[in-house]
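Asks: Sharing a structure below in structure tokens format, with a few things to ask.
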Amino acid sequence: MSDHDRAVADNRANWDQRADVHARSAMYDVDGLLADPSRISGVVLNDLAVLAPHLSGGTVAGRSLLHLQCHIGTDTVCWARLGAVDVHGLDLSANSLDHARRIAAAEGAQLTWVEGDARTASQALDRRFDVVVTSAGAIVWLPELGSWARSVHDLLEPGGVFMVRDDHPILGALDFEPWQVSGDYLSGGGARTFDEAATYTDGSTEGITRIVNHQWSHDLAEVTGALLEAGLVIEALGEHPFMDWHAFPGLVACAQGWRLPEGAPRIPLNFSVVARRPD
């Protein structure tokens, strides 16, 4: 087993245990989501704002959609609520997908769940999609992006659109504690390995005993370069002053989630890339 394979196995074990905490958390609010069929998560609304200008009609309605690194599937359900069809969610964590199946069944939604690594998703799925999305805290869990980008390319229909929106890599360099640089921003420095039972939601973490985490820095040059090398055409690159979760003290609530307070240095908290597979 390679170093990357061992690291990914550690991460899978950690996320299998996180999934139970997250499914019970107020942050994901699964019961509230299911009780209100009109609710669309803030994450998906932020994603759609980036994606819509690149879709005819500005909507995913009627388009097949794959959600990579879908976790417990709450955002995947929201994409289906927006009218996407033949919706698939792929994730590395089997327990996360067990929760996703339960949530989709309670929703009455016919969604397809696939266990797999986002880097080799095109091997797990023998088909193509009009839209592929990934978002919010996802790509730091991937050791490298070359195979990921090639997989995205192969999963898209000709003319299909891919969108990634995630925490800006500068925040990893700051260890989410501005303003002291404490880690790599540039790619290629290897994994940042740490022990941590805590997670980003509320709720008891006593059940999280597999605490080894491995994350990898992916600067914007690597993200865009991997997509270009895979044969995709980049249509938009964005850097945004908000993020989806309360990542560090001092952030204040805003319409998109959380931002720095007035008077703070202006740095990006999110980035986004929209790319298209040529016809």
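How things are named: the first chain in the structure tokens is A, the next is B, and so on; residues count from 1 in each chain; ligands count from 1 in the order shown.
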Residues of region 80-264 of chain A in helix (DSSP H, G or I) according to DSSP, as a ChimeraX atom specification?
Replies: /A:80-81,94-107,118-124,139-141,146-155,169-173,220-229
Asks: Using C-alpha atoms, can you export the residues from the last selection as an mmCIF file, in the first residue's frame?
Replies:
```cif
data_model
loop_
_atom_site.group_PDB
_atom_site.id
_atom_site.type_symbol
_atom_site.label_atom_id
_atom_site.label_comp_id
_atom_site.auth_asym_id
_atom_site.auth_seq_id
_atom_site.Cartn_x
_atom_site.Cartn_y
_atom_site.Cartn_z
ATOM 1 C CA ALA A 80 -32.429 17.300 -6.985
ATOM 2 C CA ARG A 81 -34.863 19.796 -5.459
ATOM 3 C CA ALA A 94 -19.482 4.027 3.236
ATOM 4 C CA ASN A 95 -21.119 5.220 6.449
ATOM 5 C CA SER A 96 -21.684 8.685 4.984
ATOM 6 C CA LEU A 97 -23.495 7.035 2.082
ATOM 7 C CA ASP A 98 -25.610 4.963 4.478
ATOM 8 C CA HIS A 99 -26.855 8.240 5.934
ATOM 9 C CA ALA A 100 -27.336 9.652 2.422
ATOM 10 C CA ARG A 101 -29.514 6.689 1.449
ATOM 11 C CA ARG A 102 -31.611 7.111 4.594
ATOM 12 C CA ILE A 103 -32.071 10.840 3.956
ATOM 13 C CA ALA A 104 -32.954 10.331 0.287
ATOM 14 C CA ALA A 105 -35.444 7.603 1.200
ATOM 15 C CA ALA A 106 -37.128 9.914 3.721
ATOM 16 C CA GLU A 107 -37.217 12.590 1.015
ATOM 17 C CA ALA A 118 -13.133 11.210 -6.413
ATOM 18 C CA ARG A 119 -9.769 10.692 -8.120
ATOM 19 C CA THR A 120 -11.065 7.527 -9.803
ATOM 20 C CA ALA A 121 -14.761 8.371 -10.022
ATOM 21 C CA SER A 122 -14.837 7.737 -13.774
ATOM 22 C CA GLN A 123 -13.867 4.104 -13.071
ATOM 23 C CA ALA A 124 -16.748 3.718 -10.597
ATOM 24 C CA ILE A 139 -10.280 18.805 -2.288
ATOM 25 C CA VAL A 140 -7.893 19.088 0.686
ATOM 26 C CA TRP A 141 -8.680 15.397 1.253
ATOM 27 C CA GLY A 146 -4.219 15.194 -11.844
ATOM 28 C CA SER A 147 -6.291 11.998 -11.725
ATOM 29 C CA TRP A 148 -9.210 13.936 -10.182
ATOM 30 C CA ALA A 149 -9.276 16.381 -13.095
ATOM 31 C CA ARG A 150 -9.009 13.602 -15.702
ATOM 32 C CA SER A 151 -11.866 11.803 -13.988
ATOM 33 C CA VAL A 152 -13.984 14.969 -14.056
ATOM 34 C CA HIS A 153 -13.253 15.366 -17.772
ATOM 35 C CA ASP A 154 -14.254 11.772 -18.521
ATOM 36 C CA LEU A 155 -17.466 12.054 -16.497
ATOM 37 C CA PRO A 169 -6.052 27.606 -0.029
ATOM 38 C CA ILE A 170 -4.605 30.693 1.679
ATOM 39 C CA LEU A 171 -6.680 29.771 4.756
ATOM 40 C CA GLY A 172 -4.860 26.456 5.072
ATOM 41 C CA ALA A 173 -1.560 28.309 5.042
ATOM 42 C CA LEU A 220 -5.013 27.804 -7.441
ATOM 43 C CA ALA A 221 -2.323 27.188 -10.045
ATOM 44 C CA GLU A 222 -2.517 23.452 -9.355
ATOM 45 C CA VAL A 223 -6.325 23.388 -9.429
ATOM 46 C CA THR A 224 -6.594 25.276 -12.706
ATOM 47 C CA GLY A 225 -3.526 23.596 -14.218
ATOM 48 C CA ALA A 226 -4.885 20.106 -13.525
ATOM 49 C CA LEU A 227 -8.213 20.949 -15.146
ATOM 50 C CA LEU A 228 -6.531 22.485 -18.199
ATOM 51 C CA GLU A 229 -4.157 19.543 -18.586
#
```
Asks: Using only C-alpha atoms, which protein or nucleic acid residues come within 9 Å of Asp91 (chain A)? Drop anything in the same chain fewer than 2 positions from it, and give the result as a list in words.
Replies: His67, Leu68, Gln69, Cys70, His71, Ile72, Gly89, Ser93, Ala94, Ser96, Leu97, Trp113, Val114, Glu115, Gly116, Asp117 and Ala118 of chain A
Asks: Using the selection just defined, write its residues with N, CA and C atoms as a short mmCIF file (atom, residue, chain, number, x, y, z; two decimals), in the first residue's frame.
Replies:
```cif
data_model
loop_
_atom_site.label_atom_id
_atom_site.label_comp_id
_atom_site.auth_asym_id
_atom_site.auth_seq_id
_atom_site.Cartn_x
_atom_site.Cartn_y
_atom_site.Cartn_z
N HIS A 67 -22.62 14.75 -7.97
CA HIS A 67 -22.05 15.48 -6.84
C HIS A 67 -20.90 14.66 -6.28
N LEU A 68 -19.67 15.12 -6.50
CA LEU A 68 -18.49 14.44 -5.99
C LEU A 68 -18.25 14.81 -4.53
N GLN A 69 -17.77 13.84 -3.74
CA GLN A 69 -17.50 14.03 -2.31
C GLN A 69 -18.76 14.58 -1.62
N CYS A 70 -19.83 13.81 -1.77
CA CYS A 70 -21.17 14.28 -1.38
C CYS A 70 -21.45 14.13 0.10
N HIS A 71 -20.61 13.42 0.85
CA HIS A 71 -20.78 13.20 2.29
C HIS A 71 -22.16 12.59 2.57
N ILE A 72 -22.95 13.15 3.48
CA ILE A 72 -24.21 12.51 3.87
C ILE A 72 -25.37 12.88 2.94
N GLY A 89 -24.60 10.81 -6.25
CA GLY A 89 -23.65 11.30 -5.27
C GLY A 89 -22.57 10.27 -5.05
N SER A 93 -16.66 7.52 1.90
CA SER A 93 -17.08 6.98 3.19
C SER A 93 -18.37 6.18 3.05
N ALA A 94 -18.29 4.88 3.33
CA ALA A 94 -19.48 4.03 3.24
C ALA A 94 -20.54 4.44 4.25
N SER A 96 -21.05 7.46 5.48
CA SER A 96 -21.68 8.68 4.98
C SER A 96 -22.78 8.35 3.98
N LEU A 97 -22.51 7.41 3.10
CA LEU A 97 -23.50 7.04 2.08
C LEU A 97 -24.68 6.30 2.69
N TRP A 113 -26.34 6.45 -5.20
CA TRP A 113 -25.18 6.69 -4.34
C TRP A 113 -24.08 5.70 -4.71
N VAL A 114 -22.87 6.22 -4.85
CA VAL A 114 -21.74 5.41 -5.31
C VAL A 114 -20.58 5.60 -4.35
N GLU A 115 -20.04 4.49 -3.84
CA GLU A 115 -18.86 4.56 -2.98
C GLU A 115 -17.61 4.57 -3.85
N GLY A 116 -16.77 5.58 -3.65
CA GLY A 116 -15.57 5.65 -4.46
C GLY A 116 -14.75 6.88 -4.16
N ASP A 117 -13.52 6.86 -4.65
CA ASP A 117 -12.57 7.95 -4.52
C ASP A 117 -12.81 8.93 -5.67
N ALA A 118 -12.89 10.21 -5.37
CA ALA A 118 -13.13 11.21 -6.41
C ALA A 118 -12.06 11.19 -7.49
#
```
Asks: Residues at most 8 Å from Asp167 (chain A), counting only C-alpha atoms, excluding those fewer than 2 positions away in the same chain, as a PyMOL selection string?
Replies: chain A and resi 136-137+165+169+171+243+269-271
Asks: So which residues touch Gly160 (chain A) within 6 Å, counting only C-alpha atoms, skipping near sequence neighbours fewer than 5 positions away, as an mmCIF file with N, CA and C atoms, in the first residue's frame?
Replies:
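What ended up in selection_19.cif:
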```cif
data_model
loop_
_atom_site.group_PDB
_atom_site.id
_atom_site.type_symbol
_atom_site.label_atom_id
_atom_site.label_comp_id
_atom_site.auth_asym_id
_atom_site.auth_seq_id
_atom_site.Cartn_x
_atom_site.Cartn_y
_atom_site.Cartn_z
ATOM 1 N N ASP A 130 -24.287 15.945 -17.471
ATOM 2 C CA ASP A 130 -24.310 17.320 -17.970
ATOM 3 C C ASP A 130 -23.573 18.266 -17.028
ATOM 4 N N VAL A 131 -23.666 17.987 -15.720
ATOM 5 C CA VAL A 131 -23.069 18.856 -14.698
ATOM 6 C C VAL A 131 -22.380 17.976 -13.657
ATOM 7 N N ARG A 276 -15.456 23.703 -18.630
ATOM 8 C CA ARG A 276 -16.347 22.989 -19.559
ATOM 9 C C ARG A 276 -15.558 21.985 -20.404
ATOM 10 N N ARG A 277 -16.170 20.830 -20.645
ATOM 11 C CA ARG A 277 -15.579 19.880 -21.587
ATOM 12 C C ARG A 277 -15.949 20.327 -22.991
#
```
Asks: When you draw a straight line from CA of Val85 (chain A) to CA of Ala61 (chain A), how long is it in Å?
Replies: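 Going from CA of Val85 (chain A) over to CA of Ala61 (chain A) covers 7.2 Å.
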Asks: Skipping near chain neighbours, those fewer than 2 positions away, what residues fall within 9 Å of Ile40 (chain A) using only C-alpha atoms, listed as a compact mmCIF listing (two decimals) with N, CA and C atoms, in the first residue's frame?
Replies:
```txt
# COMPACT_ATOMS: atom_id res chain seq x y z
N LEU A 33 -34.37 19.93 7.18
CA LEU A 33 -34.30 19.85 5.72
C LEU A 33 -35.44 19.00 5.18
N PRO A 37 -39.66 20.89 2.17
CA PRO A 37 -39.26 20.50 0.82
C PRO A 37 -38.78 21.65 -0.05
N SER A 38 -39.01 22.88 0.38
CA SER A 38 -38.57 24.03 -0.41
C SER A 38 -37.17 24.50 -0.01
N GLY A 42 -27.53 26.59 2.12
CA GLY A 42 -26.71 27.74 1.77
C GLY A 42 -25.54 27.37 0.88
N VAL A 43 -24.97 26.20 1.11
CA VAL A 43 -23.86 25.74 0.27
C VAL A 43 -24.30 25.65 -1.18
N VAL A 44 -25.42 25.02 -1.42
CA VAL A 44 -25.89 24.83 -2.80
C VAL A 44 -26.31 26.17 -3.42
N LEU A 45 -26.90 27.05 -2.64
CA LEU A 45 -27.23 28.37 -3.17
C LEU A 45 -25.97 29.13 -3.60
N ASP A 75 -26.72 18.10 0.52
CA ASP A 75 -26.62 19.02 -0.62
C ASP A 75 -27.03 18.33 -1.92
N VAL A 77 -29.37 16.12 -2.23
CA VAL A 77 -30.83 16.22 -2.23
C VAL A 77 -31.28 17.60 -2.71
N CYS A 78 -30.55 18.63 -2.29
CA CYS A 78 -30.91 19.99 -2.71
C CYS A 78 -30.75 20.19 -4.21
N TRP A 79 -29.72 19.59 -4.80
CA TRP A 79 -29.57 19.69 -6.26
C TRP A 79 -30.77 19.05 -6.96
N ARG A 81 -33.75 18.88 -5.68
CA ARG A 81 -34.86 19.80 -5.46
C ARG A 81 -34.85 20.94 -6.46
N LEU A 82 -33.67 21.31 -6.95
CA LEU A 82 -33.57 22.37 -7.94
C LEU A 82 -33.89 21.89 -9.35
```
